[in-house]
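First comes the structure, then the notes that go with it.
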Amino acid sequence: MVAITLLTSALFATAALAAPSSRSRLEQRMARRSLGAHLSTPNQRITAATDFTGPKTEATTAYSSNWAGPVYNANAGTYKAVTGTFTVPTPSAPSGGRGSYAASAWVGIDGDSCDTAILQTGLDFTIDNGKVSYDAWYEWYPDYAYDFSGISFSAGNEVRVTVTATSTTSGTAVIENLTTGETVTQDITSSSALCEQDAEWIVEDFTEGNSLVPFANFGSVAFTSAEATTSSGSTQGPSGATYIFDIEQNNKVLTSVTTGTSTTTITYV
């Protein structure tokens, strides 16, 4: 895998040098993505949330360079599915920003207290010199994200995202555009086993290559009908999450998160 990755990087570097100077950053990003450069990674904590034991009435706040949203931590084998519905936002460049900026909204199993694997699916939103684009994807970390085909999005569409673990090494990712009626489904298997102990609803500053992409002002993403299904068949909403993460970069907090019984709203501030 290392040799393949290095070869792919070398090939892309050669292609980038040969590319016309008029090629947009968006086109370059899509080329990198097609070569397997988009990665949605476990959160990079800035302030480590303390381990929690016993009952509690509200989530502990923690900070991360790349995750914003509520996260459950539980015993291994607890979570089998996570779902949520949100309205596709219109991203914009941060104040004074120029060029290409992006963010991603997704649901997932694992990746926080279990950082060896994540089953996740979601939607990237990108603003590139005024041009907005959306990309639906699925991922079983530590593999890269893969694009869905056969589905499209516009700002204001209602989208439902769902991941289901059928075992610790197999699962399903589903994205539904409830506005257009389009649905895509992907069965996934991996040699990296899930712990099934984390559940999350996240807006992320994802990784491209070896660094985080410039983070877009995404306005707000409100997950509704948000549920994590346990192995016993019960469901839990975001209001009972163990932690609420906000994104902090360069000593500045960029997000604000609120939760309800079956909702969570993540806002760019």
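Scheme for the structure tokens: letters A, B, ... for chains in order shown; per-chain residue numbers from 1; ligand numbers from 1 in order shown.
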
Near segment 84-86 of chain A, within 8 Å and counting only C-alpha atoms, which residues show up once chain neighbours fewer than 4 positions away are dropped, as a PyMOL selection string? chain A and resi 107+158-162+201+221-227

Give me, as a ChimeraX atom specification, all polymer residues having an atom no more than 8 Å from segment 204-207 of chain A, counting only C-alpha atoms and skipping those fewer than 4 positions away in the same chain. /A:38-41,65-68,102-106,211-215

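Of the residues listed (A:Asn157, A:Thr229, A:Thr166, A:Asn129), A:Thr229 shows the shortest atom-to-atom separation from Thr78 of chain A; distances use only C-alpha atoms.
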
Test item: residues at most 12 Å from Asp246 of chain A, only C-alpha atoms, excluding those fewer than 3 positions along its chain, as a VMD selection string: chain A and resid 43 to 49 60 to 71 202 to 205 243 249 252 to 258 265 to 269

File dump, residues just selected, N, CA, C and O atoms, as a tab-separated table (two decimals), in the first residue's frame:
```
chain	number	residue	atom	x	y	z
A	43	ASN	N	-10.54	12.38	14.65
A	43	ASN	CA	-10.36	13.78	15.05
A	43	ASN	C	-8.98	14.03	15.63
A	43	ASN	O	-8.41	13.21	16.33
A	44	GLN	N	-8.46	15.21	15.28
A	44	GLN	CA	-7.16	15.65	15.78
A	44	GLN	C	-7.43	16.57	16.97
A	44	GLN	O	-7.70	17.75	16.81
A	45	ARG	N	-7.39	15.99	18.17
A	45	ARG	CA	-7.80	16.75	19.36
A	45	ARG	C	-6.78	17.82	19.72
A	45	ARG	O	-5.58	17.59	19.69
A	46	ILE	N	-7.32	18.97	20.10
A	46	ILE	CA	-6.50	20.05	20.63
A	46	ILE	C	-6.59	20.04	22.15
A	46	ILE	O	-5.59	20.09	22.85
A	47	THR	N	-7.81	19.96	22.67
A	47	THR	CA	-8.04	19.79	24.09
A	47	THR	C	-8.60	18.40	24.28
A	47	THR	O	-9.70	18.11	23.82
A	48	ALA	N	-7.87	17.52	24.92
A	48	ALA	CA	-8.33	16.15	25.11
A	48	ALA	C	-9.48	16.13	26.10
A	48	ALA	O	-9.38	16.65	27.21
A	49	ALA	N	-10.61	15.55	25.68
A	49	ALA	CA	-11.73	15.39	26.60
A	49	ALA	C	-11.37	14.30	27.61
A	49	ALA	O	-10.81	13.27	27.25
A	60	THR	N	-19.67	16.69	27.55
A	60	THR	CA	-18.43	17.39	27.81
A	60	THR	C	-17.98	18.07	26.52
A	60	THR	O	-18.01	17.47	25.45
A	61	THR	N	-17.56	19.33	26.60
A	61	THR	CA	-17.08	20.05	25.42
A	61	THR	C	-15.59	19.78	25.23
A	61	THR	O	-14.82	19.79	26.19
A	62	ALA	N	-15.21	19.52	24.01
A	62	ALA	CA	-13.81	19.31	23.67
A	62	ALA	C	-13.54	20.01	22.34
A	62	ALA	O	-14.48	20.39	21.62
A	63	TYR	N	-12.26	20.16	22.02
A	63	TYR	CA	-11.89	20.88	20.81
A	63	TYR	C	-10.99	20.03	19.93
A	63	TYR	O	-10.18	19.24	20.41
A	64	SER	N	-11.17	20.21	18.64
A	64	SER	CA	-10.47	19.42	17.64
A	64	SER	C	-10.11	20.34	16.47
A	64	SER	O	-10.80	21.33	16.22
A	65	SER	N	-9.07	20.00	15.75
A	65	SER	CA	-8.72	20.79	14.57
A	65	SER	C	-9.58	20.45	13.36
A	65	SER	O	-9.57	21.18	12.37
A	66	ASN	N	-10.34	19.33	13.44
A	66	ASN	CA	-11.07	18.94	12.22
A	66	ASN	C	-12.49	18.42	12.42
A	66	ASN	O	-13.23	18.28	11.45
A	67	TRP	N	-12.96	18.14	13.66
A	67	TRP	CA	-14.32	17.65	13.86
A	67	TRP	C	-15.15	18.63	14.67
A	67	TRP	O	-14.67	19.18	15.67
A	68	ALA	N	-16.41	18.80	14.26
A	68	ALA	CA	-17.39	19.54	15.05
A	68	ALA	C	-18.68	18.74	15.06
A	68	ALA	O	-19.19	18.35	14.00
A	69	GLY	N	-19.21	18.48	16.27
A	69	GLY	CA	-20.47	17.75	16.39
A	69	GLY	C	-20.48	16.83	17.59
A	69	GLY	O	-19.47	16.66	18.28
A	70	PRO	N	-21.63	16.22	17.87
A	70	PRO	CA	-21.76	15.32	19.02
A	70	PRO	C	-21.23	13.92	18.73
A	70	PRO	O	-21.41	13.39	17.63
A	71	VAL	N	-20.60	13.33	19.75
A	71	VAL	CA	-19.99	12.01	19.63
A	71	VAL	C	-20.35	11.18	20.85
A	71	VAL	O	-20.22	11.64	21.98
A	202	ILE	N	-21.16	14.74	12.25
A	202	ILE	CA	-19.99	15.60	12.21
A	202	ILE	C	-20.00	16.52	10.99
A	202	ILE	O	-20.39	16.12	9.88
A	203	VAL	N	-19.53	17.76	11.19
A	203	VAL	CA	-19.02	18.59	10.11
A	203	VAL	C	-17.50	18.61	10.26
A	203	VAL	O	-16.99	18.86	11.36
A	204	GLU	N	-16.79	18.34	9.19
A	204	GLU	CA	-15.35	18.12	9.26
A	204	GLU	C	-14.58	19.01	8.29
A	204	GLU	O	-15.04	19.29	7.18
A	205	ASP	N	-13.41	19.41	8.72
A	205	ASP	CA	-12.38	19.93	7.83
A	205	ASP	C	-11.53	18.73	7.44
A	205	ASP	O	-10.64	18.34	8.18
A	243	TYR	N	-19.54	13.56	24.20
A	243	TYR	CA	-18.78	14.77	23.96
A	243	TYR	C	-19.43	15.60	22.87
A	243	TYR	O	-20.08	15.07	21.96
A	249	GLN	N	-8.89	26.21	15.24
A	249	GLN	CA	-7.69	26.29	14.41
A	249	GLN	C	-7.00	27.63	14.65
A	249	GLN	O	-7.66	28.66	14.72
A	252	LYS	N	-8.38	29.82	17.32
A	252	LYS	CA	-9.69	30.42	17.09
A	252	LYS	C	-10.74	29.32	16.95
A	252	LYS	O	-10.55	28.39	16.15
A	253	VAL	N	-11.82	29.41	17.72
A	253	VAL	CA	-12.91	28.45	17.61
A	253	VAL	C	-13.78	28.84	16.43
A	253	VAL	O	-14.27	29.98	16.34
A	254	LEU	N	-14.01	27.90	15.50
A	254	LEU	CA	-14.69	28.18	14.24
A	254	LEU	C	-16.12	27.67	14.19
A	254	LEU	O	-16.83	27.96	13.22
A	255	THR	N	-16.55	26.90	15.19
A	255	THR	CA	-17.89	26.30	15.13
A	255	THR	C	-18.59	26.43	16.48
A	255	THR	O	-17.97	26.67	17.51
A	256	SER	N	-19.90	26.24	16.42
A	256	SER	CA	-20.73	26.17	17.63
A	256	SER	C	-21.74	25.05	17.43
A	256	SER	O	-22.34	24.95	16.35
A	257	VAL	N	-21.93	24.21	18.45
A	257	VAL	CA	-22.78	23.03	18.32
A	257	VAL	C	-23.87	23.06	19.38
A	257	VAL	O	-23.60	23.30	20.56
A	258	THR	N	-25.11	22.80	18.96
A	258	THR	CA	-26.22	22.60	19.90
A	258	THR	C	-26.85	21.25	19.60
A	258	THR	O	-26.77	20.75	18.47
A	265	THR	N	-27.32	20.91	15.61
A	265	THR	CA	-27.01	21.97	14.66
A	265	THR	C	-25.57	22.41	14.87
A	265	THR	O	-25.15	22.74	15.98
A	266	ILE	N	-24.82	22.39	13.78
A	266	ILE	CA	-23.41	22.76	13.79
A	266	ILE	C	-23.28	24.03	12.95
A	266	ILE	O	-23.63	24.04	11.77
A	267	THR	N	-22.80	25.10	13.56
A	267	THR	CA	-22.80	26.41	12.93
A	267	THR	C	-21.39	26.95	12.83
A	267	THR	O	-20.59	26.84	13.76
A	268	TYR	N	-21.07	27.53	11.67
A	268	TYR	CA	-19.79	28.20	11.47
A	268	TYR	C	-19.88	29.58	12.11
A	268	TYR	O	-20.81	30.34	11.86
A	269	VAL	N	-18.91	29.90	12.95
A	269	VAL	CA	-18.93	31.20	13.63
A	269	VAL	C	-17.72	32.06	13.27
A	269	VAL	O	-17.64	33.20	13.65
```

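If only C-alpha atoms are the atoms counted, then among A:Ala241, A:Ile151, A:Ala145, A:Cys195 the closest residue to Glu182 of chain A is A:Ile151.
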
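With atom CA of Lys80 of chain A on one side and atom CA of Thr164 of chain A on the other, the separation reads 5.7 Å.
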
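Reported to one decimal place, the separation of atom CA of Val174 of chain A from atom CA of Ala193 of chain A is 19.7 Å.
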
Spatial neighbours of Glu139 of chain A, 12 Å, only C-alpha atoms, chain gap at least 4 places, as a ChimeraX atom specification: /A:36,38-41,106-111,117-123,143-148,163,170-174,186-190,192

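Separating atom CA of Asn251 of chain A from atom CA of Thr126 of chain A is a distance of 23.8 Å.
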
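Counting only C-alpha atoms and comparing A:Asn210, A:Ser234, A:Thr259, A:Gln197, the residue that lies closest to Ala165 of chain A is A:Gln197.
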
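Minimum distance to Tyr79 of chain A across A:Asp128, A:Glu196, A:Glu208, A:Glu248 (counting only C-alpha atoms) occurs at A:Glu196.
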